[in-house]
>>> print(open('query.cif').read())   # mmCIF, C-alpha atoms
data_coords
loop_
_atom_site.label_atom_id
_atom_site.label_comp_id
_atom_site.auth_asym_id
_atom_site.auth_seq_id
_atom_site.Cartn_x
_atom_site.Cartn_y
_atom_site.Cartn_z
CA MET A 1 10.23 47.62 12.25
CA LYS A 2 6.78 46.47 11.34
CA GLU A 3 4.24 45.53 13.94
CA VAL A 4 4.36 41.84 14.81
CA LEU A 5 1.11 39.99 15.29
CA SER A 6 0.69 37.81 18.35
CA LEU A 7 -1.10 34.53 17.81
CA ALA A 8 -2.19 32.29 20.67
CA THR A 9 -1.48 28.63 20.02
CA LYS A 10 -1.86 25.36 21.89
CA ASN A 11 0.30 22.29 21.62
CA ARG A 12 -1.44 19.55 19.68
CA GLU A 13 -1.44 15.98 20.92
CA GLY A 14 -3.31 14.01 18.31
CA ARG A 15 -2.24 13.56 14.71
CA GLY A 16 -3.99 12.31 11.61
CA THR A 17 -7.05 13.06 9.53
CA SER A 18 -9.81 12.36 12.03
CA LYS A 19 -8.24 14.30 14.89
CA SER A 20 -7.42 17.23 12.61
CA ARG A 21 -10.96 17.19 11.30
CA ARG A 22 -12.33 17.27 14.83
CA LEU A 23 -10.14 20.30 15.57
CA ARG A 24 -11.47 22.08 12.49
CA TYR A 25 -15.06 21.48 13.65
CA GLU A 26 -14.11 23.21 16.92
CA GLY A 27 -12.87 26.29 15.07
CA GLN A 28 -9.18 25.46 15.31
CA VAL A 29 -6.63 24.98 12.55
CA PRO A 30 -3.88 22.37 12.88
CA GLY A 31 -0.41 23.67 12.19
CA ILE A 32 3.25 22.90 12.60
CA VAL A 33 6.23 24.95 13.75
CA TYR A 34 9.68 23.95 12.54
CA GLY A 35 13.11 25.31 11.70
CA HIS A 36 16.31 26.36 13.44
CA LYS A 37 17.37 22.74 13.92
CA GLN A 38 14.84 22.29 16.70
CA GLU A 39 12.24 19.58 16.99
CA PRO A 40 9.07 20.32 15.00
CA ARG A 41 6.11 21.16 17.20
CA GLN A 42 2.48 20.50 16.33
CA VAL A 43 0.14 23.30 17.29
CA THR A 44 -3.41 24.51 16.88
CA VAL A 45 -4.42 28.07 16.07
CA ALA A 46 -7.82 29.74 16.27
CA TYR A 47 -9.30 29.81 12.75
CA ASP A 48 -10.49 33.42 12.90
CA ASP A 49 -7.14 34.74 14.13
CA LEU A 50 -5.26 32.94 11.37
CA LEU A 51 -7.74 34.01 8.71
CA GLY A 52 -7.31 37.64 9.79
CA ALA A 53 -3.54 37.32 9.49
CA VAL A 54 -3.80 35.73 6.04
CA ARG A 55 -6.22 38.38 4.77
CA HIS A 56 -3.91 41.16 5.91
CA HIS A 57 -0.89 39.41 4.33
CA THR A 58 0.85 39.26 7.71
CA ARG A 59 4.10 37.35 7.34
CA MET A 60 5.79 37.61 10.70
CA MET A 61 4.13 36.73 13.99
CA ASP A 62 4.79 35.69 17.58
CA LEU A 63 3.32 32.37 18.56
CA GLU A 64 2.36 32.34 22.23
CA THR A 65 2.13 28.90 23.78
CA GLY A 66 1.67 28.72 27.55
CA GLY A 67 3.55 31.96 28.19
CA ALA A 68 6.45 31.12 25.88
CA LYS A 69 6.92 33.24 22.76
CA GLU A 70 8.37 32.12 19.48
CA ARG A 71 8.98 34.37 16.47
CA VAL A 72 7.89 32.69 13.27
CA ILE A 73 7.05 33.37 9.65
CA LEU A 74 3.88 32.09 8.08
CA HIS A 75 5.49 29.86 5.49
CA ASP A 76 2.59 28.03 3.91
CA VAL A 77 -1.18 27.85 4.21
CA GLN A 78 -3.20 24.97 2.81
CA PHE A 79 -6.75 25.63 1.68
CA ASP A 80 -9.61 23.27 0.88
CA ALA A 81 -10.56 22.35 -2.70
CA PHE A 82 -12.46 25.62 -3.16
CA GLY A 83 -9.72 27.81 -1.72
CA MET A 84 -12.10 29.10 0.94
CA ASP A 85 -11.28 27.42 4.27
CA ILE A 86 -7.83 27.11 5.80
CA VAL A 87 -6.98 23.49 6.43
CA HIS A 88 -3.41 23.68 7.75
CA ALA A 89 -0.64 26.21 8.38
CA ASP A 90 3.16 25.95 8.42
CA PHE A 91 5.23 28.27 10.59
CA VAL A 92 9.01 28.57 10.32
CA ARG A 93 11.09 29.79 13.25
CA VAL A 94 13.24 32.84 12.47
CA ALA A 95 15.87 34.93 14.18
CA MET A 96 15.70 38.66 13.63
CA ASP A 97 19.39 38.88 12.70
CA GLU A 98 19.34 36.01 10.23
CA LEU A 99 18.77 36.45 6.51
CA ILE A 100 15.79 34.62 5.08
CA ARG A 101 14.51 33.98 1.56
CA ILE A 102 10.87 34.67 0.94
CA LYS A 103 8.55 35.22 -2.02
CA VAL A 104 7.16 38.71 -2.50
CA PRO A 105 4.51 39.76 -5.05
CA VAL A 106 5.43 42.03 -7.95
CA GLU A 107 3.01 44.94 -8.26
CA LEU A 108 2.64 46.56 -11.68
CA ARG A 109 1.74 50.23 -11.64
CA GLY A 110 0.39 52.42 -14.41
CA LYS A 111 -0.74 51.53 -17.89
CA ALA A 112 1.78 50.46 -20.51
CA ALA A 113 2.20 52.80 -23.49
CA GLY A 114 1.79 49.78 -25.76
CA GLU A 115 -1.70 49.14 -24.34
CA VAL A 116 -2.88 52.40 -25.89
CA HIS A 117 -1.99 50.95 -29.31
CA GLY A 118 -3.93 47.75 -28.66
CA GLY A 119 -1.18 45.73 -26.98
CA VAL A 120 -1.82 43.59 -23.93
CA ALA A 121 0.39 43.72 -20.84
CA GLU A 122 0.95 40.15 -19.70
CA GLN A 123 2.39 39.58 -16.26
CA LEU A 124 4.26 36.30 -16.53
CA LEU A 125 5.82 36.37 -13.09
CA THR A 126 3.72 37.48 -10.14
CA GLU A 127 6.20 36.79 -7.37
CA VAL A 128 9.95 36.99 -6.94
CA GLU A 129 12.17 35.59 -4.24
CA VAL A 130 14.00 38.09 -2.07
CA GLU A 131 16.64 37.76 0.62
CA CYS A 132 16.31 40.02 3.62
CA LEU A 133 16.10 40.18 7.36
CA PRO A 134 12.72 39.16 8.81
CA GLY A 135 12.11 42.75 9.89
CA ASP A 136 12.60 44.12 6.37
CA ILE A 137 10.23 41.93 4.36
CA PRO A 138 8.63 44.21 1.75
CA GLU A 139 4.88 43.92 1.13
CA ALA A 140 5.40 44.07 -2.63
CA ILE A 141 7.94 45.08 -5.25
CA PRO A 142 6.40 47.86 -7.33
CA PHE A 143 7.29 48.47 -10.97
CA VAL A 144 5.99 51.28 -13.17
CA ILE A 145 5.23 49.94 -16.66
CA SER A 146 4.01 53.16 -18.27
CA ALA A 147 7.06 53.35 -20.60
CA LEU A 148 6.63 49.87 -22.04
CA GLU A 149 5.85 49.74 -25.75
CA VAL A 150 4.47 46.82 -27.74
CA GLY A 151 7.01 43.99 -27.89
CA GLN A 152 9.03 45.22 -24.93
CA SER A 153 9.41 43.23 -21.75
CA VAL A 154 10.85 43.59 -18.27
CA SER A 155 13.07 40.97 -16.67
CA VAL A 156 13.78 40.34 -13.00
CA SER A 157 17.14 42.11 -13.30
CA GLN A 158 15.32 45.37 -14.11
CA LEU A 159 13.28 45.31 -10.90
CA VAL A 160 14.46 47.63 -8.16
CA ALA A 161 14.84 45.83 -4.86
CA PRO A 162 13.54 47.71 -1.81
CA VAL A 163 16.01 48.92 0.81
CA LYS A 164 17.89 46.16 2.68
CA THR A 165 16.61 43.43 0.37
CA ARG A 166 18.19 41.51 -2.50
CA ILE A 167 16.28 39.83 -5.28
CA THR A 168 17.48 36.23 -5.62
CA SER A 169 15.21 35.02 -8.42
CA GLU A 170 16.75 34.16 -11.83
CA PRO A 171 17.63 37.59 -13.36
CA ASN A 172 16.68 36.56 -16.90
CA LEU A 173 13.09 35.65 -16.05
CA ILE A 174 10.52 37.84 -17.77
CA VAL A 175 8.19 39.61 -15.36
CA VAL A 176 5.93 41.47 -17.76
CA THR A 177 5.68 41.78 -21.51
CA VAL A 178 3.46 43.83 -23.78
CA ALA A 179 2.13 41.53 -26.47
CA ALA A 180 1.21 42.79 -29.94
CA PRO A 181 -2.46 43.32 -30.72
CA LYS A 182 -4.33 40.51 -32.49
CA THR A 183 -4.55 41.15 -36.22
CA GLU A 184 -7.85 41.36 -38.08
CA ALA A 185 -6.70 38.63 -40.48
CA ALA A 186 -6.26 36.10 -37.67
CA ALA A 187 -9.71 36.91 -36.32
CA VAL A 188 -11.35 36.34 -39.72
CA ALA A 189 -9.38 33.17 -40.50
CA ALA A 190 -10.53 31.36 -37.38
CA PRO A 191 -14.18 30.70 -38.39
CA VAL A 192 -13.17 29.49 -41.89
CA GLU A 193 -10.85 26.94 -40.34
CA ALA A 194 -13.60 25.95 -37.95
CA VAL A 195 -16.02 25.18 -40.80
CA ALA A 196 -13.39 23.15 -42.63
CA VAL A 197 -12.64 20.99 -39.60
CA ALA A 198 -16.22 20.60 -38.37
CA GLY A 199 -17.61 17.08 -38.52
CA VAL A 200 -14.20 15.43 -38.60
CA GLU A 201 -13.46 12.72 -36.07
CA PRO A 202 -10.13 12.68 -34.27
CA GLU A 203 -7.41 10.46 -35.61
CA VAL A 204 -7.16 7.12 -33.77
CA ILE A 205 -3.69 6.09 -32.72
CA THR A 206 -3.52 2.63 -34.26
CA ARG A 207 0.13 1.66 -33.75
CA GLY A 208 -0.66 -0.80 -30.97
CA LYS A 209 -3.56 -2.24 -32.93
CA ALA A 210 -1.51 -2.68 -36.12
CA GLU A 211 1.15 -4.65 -34.25
CA GLU A 212 -1.54 -6.78 -32.64
CA GLY A 213 -3.14 -7.25 -36.04
CA GLU A 214 0.10 -8.47 -37.61
CA GLU A 215 0.68 -10.86 -34.74
CA GLY A 216 -2.90 -12.03 -35.05
CA GLU A 217 -2.50 -12.69 -38.77
CA GLU A 218 0.68 -14.67 -38.17
CA ALA A 219 -1.06 -16.72 -35.52
CA ALA A 220 -3.99 -17.37 -37.84
CA GLU A 221 -1.65 -18.52 -40.63
CA GLY A 222 0.07 -20.88 -38.18
CA ASP A 223 -3.29 -22.40 -37.20
CA LYS A 224 -4.19 -22.97 -40.87
CA LYS A 225 -0.90 -24.80 -41.51
CA LYS A 226 -1.50 -27.04 -38.49
CA GLU A 227 -5.01 -27.87 -39.72
CA LYS A 228 -3.64 -28.78 -43.18
CA GLU A 229 -1.03 -31.07 -41.61
CA LYS A 230 -3.73 -32.78 -39.56
CA LYS A 231 -5.85 -33.35 -42.67
CA LYS A 232 -2.86 -34.93 -44.41
CA MET B 233 -16.96 24.44 -34.04
CA ALA B 234 -17.07 21.98 -31.21
CA MET B 235 -13.77 21.32 -29.51
CA MET B 236 -12.35 17.82 -29.67
CA PRO B 237 -8.97 16.09 -29.38
CA LYS B 238 -6.78 15.82 -32.49
CA ARG B 239 -5.75 12.24 -31.80
CA VAL B 240 -7.26 9.64 -29.52
CA LYS B 241 -6.13 6.21 -28.42
CA PHE B 242 -9.67 4.84 -28.23
CA ARG B 243 -12.68 6.15 -30.14
CA LYS B 244 -15.24 5.33 -27.47
CA ALA B 245 -15.14 5.52 -23.70
CA GLN B 246 -17.25 4.33 -20.80
CA ARG B 247 -19.24 6.90 -18.87
CA GLY B 248 -17.44 6.65 -15.55
CA ARG B 249 -18.35 8.63 -12.47
CA ILE B 250 -17.17 12.00 -11.19
CA ARG B 251 -16.26 11.65 -7.53
CA GLY B 252 -14.86 14.08 -4.97
CA ASN B 253 -13.53 17.58 -5.37
CA ALA B 254 -10.80 18.91 -7.61
CA THR B 255 -7.37 18.43 -6.09
CA ARG B 256 -5.52 19.93 -9.05
CA GLY B 257 -6.34 22.97 -11.14
CA ASN B 258 -8.34 24.42 -8.26
CA PHE B 259 -6.62 27.80 -8.02
CA VAL B 260 -5.98 30.72 -10.34
CA ALA B 261 -2.62 29.95 -11.91
CA PHE B 262 -2.26 32.05 -15.08
CA GLY B 263 -4.43 35.17 -14.98
CA GLU B 264 -5.64 37.40 -12.18
CA TYR B 265 -9.27 36.30 -11.97
CA GLY B 266 -11.03 33.01 -12.58
CA LEU B 267 -14.31 31.17 -12.70
CA GLN B 268 -14.52 28.17 -10.38
CA THR B 269 -17.13 25.46 -10.68
CA LEU B 270 -19.09 24.44 -7.60
CA GLU B 271 -20.55 21.33 -9.17
CA ALA B 272 -19.34 18.23 -10.95
CA ALA B 273 -20.44 18.02 -14.56
CA TRP B 274 -19.72 17.09 -18.14
CA ILE B 275 -19.08 20.28 -20.11
CA THR B 276 -19.44 19.77 -23.83
CA GLY B 277 -17.10 21.10 -26.50
CA ASN B 278 -19.88 23.35 -27.75
CA GLN B 279 -20.39 24.89 -24.32
CA ILE B 280 -16.67 25.51 -23.94
CA GLU B 281 -16.50 27.12 -27.37
CA ALA B 282 -19.57 29.27 -26.64
CA SER B 283 -18.05 30.49 -23.39
CA ARG B 284 -14.76 31.30 -25.14
CA VAL B 285 -16.55 33.27 -27.85
CA THR B 286 -18.63 35.28 -25.39
CA ALA B 287 -15.55 36.07 -23.28
CA THR B 288 -13.41 37.27 -26.19
CA HIS B 289 -16.34 39.27 -27.55
CA HIS B 290 -16.96 41.03 -24.26
CA MET B 291 -13.29 41.76 -23.60
CA HIS B 292 -12.99 43.56 -26.96
CA ARG B 293 -9.62 41.93 -27.63
CA GLU B 294 -8.25 43.40 -24.40
CA GLY B 295 -6.51 41.27 -21.81
CA LYS B 296 -5.90 37.57 -22.06
CA LEU B 297 -8.09 34.54 -21.66
CA TRP B 298 -7.17 31.03 -20.51
CA MET B 299 -9.57 28.13 -20.98
CA ARG B 300 -8.55 25.59 -18.37
CA MET B 301 -10.78 22.72 -19.46
CA PHE B 302 -10.63 20.56 -22.54
CA PRO B 303 -13.12 17.96 -23.79
CA HIS B 304 -11.15 14.72 -23.77
CA LYS B 305 -14.01 12.31 -23.21
CA PRO B 306 -16.06 11.01 -26.17
CA VAL B 307 -19.80 10.61 -25.67
CA SER B 308 -21.54 8.22 -28.04
CA ALA B 309 -25.19 8.22 -29.03
CA LYS B 310 -27.49 6.09 -31.15
CA PRO B 311 -29.26 7.63 -34.17
CA LEU B 312 -32.95 8.48 -33.90
CA GLU B 313 -35.56 5.79 -34.54
CA THR B 314 -33.01 3.01 -34.21
CA ARG B 315 -33.81 -0.23 -32.45
CA MET B 316 -31.81 -1.03 -29.34
CA GLY B 317 -28.84 -3.34 -29.59
CA LYS B 318 -26.34 -3.68 -32.45
CA GLY B 319 -23.55 -2.37 -30.26
CA LYS B 320 -22.51 0.97 -28.87
CA GLY B 321 -23.41 4.09 -30.82
CA GLU B 322 -20.97 6.32 -32.65
CA PRO B 323 -19.12 9.20 -30.88
CA GLU B 324 -21.42 12.22 -31.02
CA TYR B 325 -19.52 14.88 -29.11
CA TYR B 326 -16.72 15.34 -26.58
CA VAL B 327 -16.96 16.53 -22.98
CA ALA B 328 -14.69 17.81 -20.24
CA CYS B 329 -15.28 16.15 -16.86
CA VAL B 330 -15.01 18.80 -14.16
CA ARG B 331 -15.01 18.31 -10.42
CA PRO B 332 -16.15 20.88 -7.84
CA GLY B 333 -13.42 23.44 -7.23
CA GLN B 334 -11.85 23.34 -10.68
CA VAL B 335 -11.03 26.69 -12.24
CA LEU B 336 -12.64 26.63 -15.68
CA VAL B 337 -11.69 29.97 -17.18
CA GLU B 338 -9.11 32.61 -16.26
CA VAL B 339 -8.69 36.19 -17.41
CA GLY B 340 -5.84 38.63 -16.95
CA GLY B 341 -4.82 42.11 -18.07
CA VAL B 342 -8.25 43.61 -17.42
CA SER B 343 -9.85 45.41 -14.50
CA GLU B 344 -11.72 43.42 -11.85
CA GLU B 345 -14.99 44.94 -13.01
CA THR B 346 -14.45 43.82 -16.62
CA ALA B 347 -13.31 40.40 -15.43
CA LYS B 348 -16.47 40.01 -13.33
CA GLU B 349 -18.72 41.00 -16.22
CA THR B 350 -16.88 38.69 -18.62
CA LEU B 351 -16.94 35.70 -16.33
CA CYS B 352 -20.60 36.31 -15.50
CA ARG B 353 -21.37 36.01 -19.21
CA VAL B 354 -19.20 32.90 -19.42
CA SER B 355 -21.06 31.32 -16.50
CA HIS B 356 -24.34 31.69 -18.41
CA LYS B 357 -22.96 29.40 -21.11
CA LEU B 358 -22.00 26.65 -18.69
CA PRO B 359 -24.21 23.98 -17.08
CA VAL B 360 -22.77 24.45 -13.58
CA LYS B 361 -22.99 26.81 -10.65
CA THR B 362 -19.83 28.88 -10.51
CA ARG B 363 -18.11 31.52 -8.44
CA PHE B 364 -15.69 34.32 -9.20
CA VAL B 365 -12.22 33.82 -7.72
CA VAL B 366 -9.16 36.06 -7.47
CA ARG B 367 -5.53 34.94 -7.61
CA ARG B 368 -4.10 34.25 -4.18
CA HIS B 369 -0.48 35.15 -3.57
CA SER B 370 1.72 32.62 -1.84
CA PHE B 371 3.17 33.05 1.61
#
>>> encode(input="query.cif", output="structure tokens")
Amino acid sequence: MKEVLSLATKNREGRGTSKSRRLRYEGQVPGIVYGHKQEPRQVTVAYDDLLGAVRHHTRMMDLETGGAKERVILHDVQFDAFGMDIVHADFVRVAMDELIRIKVPVELRGKAAGEVHGGVAEQLLTEVEVECLPGDIPEAIPFVISALEVGQSVSVSQLVAPVKTRITSEPNLIVVTVAAPKTEAAAVAAPVEAVAVAGVEPEVITRGKAEEGEEGEEAAEGDKKKEKEKKK
Amino acid sequence: MAMMPKRVKFRKAQRGRIRGNATRGNFVAFGEYGLQTLEAAWITGNQIEASRVTATHHMHREGKLWMRMFPHKPVSAKPLETRMGKGKGEPEYYVACVRPGQVLVEVGGVSEETAKETLCRVSHKLPVKTRFVVRRHSF
């Protein structure tokens, strides 16, 4: 079994933006522990410890709170707008003998044969969901793409699940495809089209205006009739 | 050719104000590497097109490029040597309003070194400070 990281946590009293912000200033990250039909528990974790765990892609950890240990999985991490600072963390309680579903990255290895002929390997799916015991979570699912020619693709069903794991993602989903090289004709045609379209204003959607215009005309005609009647 | 929408509901728009940071489109979603803006700005259609051209040129038709900004906002201007008044000017060009944190360009299917070089060249075409970002896998 893989080594399990121990993370010291404290129970958190306050809730809300201002209290969470104050915690972040003190070098703590607000988090929540839930799962296993127990009451959710609000906690704080030291920022540096959590950042280390995230950088090393640690999934499973023991949360230590006042001497009590709880085995959890790092389920979600929220970052700030720039993706630099951790703002919040979600931990889910797990039992070591209970199957869990978790997303694992797909790692492409080698260079596709089609790339030699100008094709481009496009990875459309970077993660797949697997079902396994918490102790057997694979770091990644590798796939060698060296045999892929232009136009060929690999679906989830062709991935080989690591030992004691089962891939639960949709089997028809395409993981990687080798796209055909761009033709010279397409490259030349682009600037010509650009010249033709240059200086043209976008079309204005006038449906609403036309209806309004018709209504307006009708109203104007009505006013004219009324005026004529008055004159009479 | 400057980028612009095909159809618009209104020809002219008010200037508005760019407030806060990007809450959407602030992570690498399509490729492996991206260019993230650190400033709020209007990026013109010409600048977007110039950055696209320089990126495709440097990547030598390898890999894939995603432009994650589009100039939706019309900017009007008055002709030269015109007296003030007589209403709002005609639409001159279109801009994309970007907020700090937004990922502007993404590349995939190339090495990190090539991606860095490409996005460095792209950043020179843009009027904002940027940083290089790598796709983050979920937990």
>>> closest_residue(input="query.cif", among="B:Arg353, B:Arg243, B:Arg249, B:Arg284", to="chain A", atoms="all atoms listed in the file")
B:Arg243
>>> atom_distance(input="query.cif", atom1="atom CA of Gly135 of chain A", atom2="atom CA of Ile32 of chain A")
21.9 Å
>>> closest_atom_pairs(input="query.cif", of="chain A", to="chain B", cutoff="8 Å", atoms="only C-alpha atoms", output="JSON lines")
{"residue": "A:Arg59", "atom": "CA", "partner": "B:Phe371", "partner_atom": "CA", "distance": 7.2}
{"residue": "A:Leu74", "atom": "CA", "partner": "B:Phe371", "partner_atom": "CA", "distance": 6.6}
{"residue": "A:His75", "atom": "CA", "partner": "B:Phe371", "partner_atom": "CA", "distance": 5.5}
{"residue": "A:Asp76", "atom": "CA", "partner": "B:Phe371", "partner_atom": "CA", "distance": 5.6}
{"residue": "A:Val77", "atom": "CA", "partner": "B:Phe371", "partner_atom": "CA", "distance": 7.3}
{"residue": "A:Ala81", "atom": "CA", "partner": "B:Gly333", "partner_atom": "CA", "distance": 5.5}
{"residue": "A:Phe82", "atom": "CA", "partner": "B:Gly333", "partner_atom": "CA", "distance": 4.7}
{"residue": "A:Gly83", "atom": "CA", "partner": "B:Phe259", "partner_atom": "CA", "distance": 7.0}
{"residue": "A:Ile102", "atom": "CA", "partner": "B:Phe371", "partner_atom": "CA", "distance": 7.9}
{"residue": "A:Lys103", "atom": "CA", "partner": "B:Phe371", "partner_atom": "CA", "distance": 6.8}
{"residue": "A:Pro105", "atom": "CA", "partner": "B:His369", "partner_atom": "CA", "distance": 7.0}
{"residue": "A:Gly118", "atom": "CA", "partner": "B:Glu294", "partner_atom": "CA", "distance": 7.5}
{"residue": "A:Gly119", "atom": "CA", "partner": "B:Glu294", "partner_atom": "CA", "distance": 7.9}
{"residue": "A:Val120", "atom": "CA", "partner": "B:Gly295", "partner_atom": "CA", "distance": 5.6}
{"residue": "A:Ala121", "atom": "CA", "partner": "B:Gly341", "partner_atom": "CA", "distance": 6.1}
{"residue": "A:Glu122", "atom": "CA", "partner": "B:Gly341", "partner_atom": "CA", "distance": 6.3}
{"residue": "A:Gln123", "atom": "CA", "partner": "B:Gly341", "partner_atom": "CA", "distance": 7.9}
{"residue": "A:Leu124", "atom": "CA", "partner": "B:Phe262", "partner_atom": "CA", "distance": 7.9}
{"residue": "A:Glu127", "atom": "CA", "partner": "B:His369", "partner_atom": "CA", "distance": 7.9}
{"residue": "A:Pro181", "atom": "CA", "partner": "B:Arg293", "partner_atom": "CA", "distance": 7.9}
{"residue": "A:Lys182", "atom": "CA", "partner": "B:Arg293", "partner_atom": "CA", "distance": 7.3}
{"residue": "A:Ala194", "atom": "CA", "partner": "B:Met233", "partner_atom": "CA", "distance": 5.4}
{"residue": "A:Val195", "atom": "CA", "partner": "B:Met233", "partner_atom": "CA", "distance": 6.9}
{"residue": "A:Val197", "atom": "CA", "partner": "B:Met233", "partner_atom": "CA", "distance": 7.8}
{"residue": "A:Ala198", "atom": "CA", "partner": "B:Met233", "partner_atom": "CA", "distance": 5.8}
{"residue": "A:Pro202", "atom": "CA", "partner": "B:Lys238", "partner_atom": "CA", "distance": 4.9}
{"residue": "A:Glu203", "atom": "CA", "partner": "B:Arg239", "partner_atom": "CA", "distance": 4.5}
{"residue": "A:Val204", "atom": "CA", "partner": "B:Val240", "partner_atom": "CA", "distance": 4.9}
{"residue": "A:Ile205", "atom": "CA", "partner": "B:Lys241", "partner_atom": "CA", "distance": 4.9}
{"residue": "A:Thr206", "atom": "CA", "partner": "B:Lys241", "partner_atom": "CA", "distance": 7.3}
>>> residues_around(input="query.cif", residues="Glu344 of chain B", least_positions_apart="3", cutoff="9 Å", atoms="all atoms listed in the file", output="PyMOL selection string")
chain B and resi 264-265+347-349+366
>>> residues_around(input="query.cif", residues="segment 303-305 of chain B", least_positions_apart="5", cutoff="8 Å", atoms="all atoms listed in the file", output="list in words")
Met235, Met236, Pro237, Ala245, Ile275, Thr276, Gly277, Tyr326, Val327, Ala328 and Cys329 of chain B
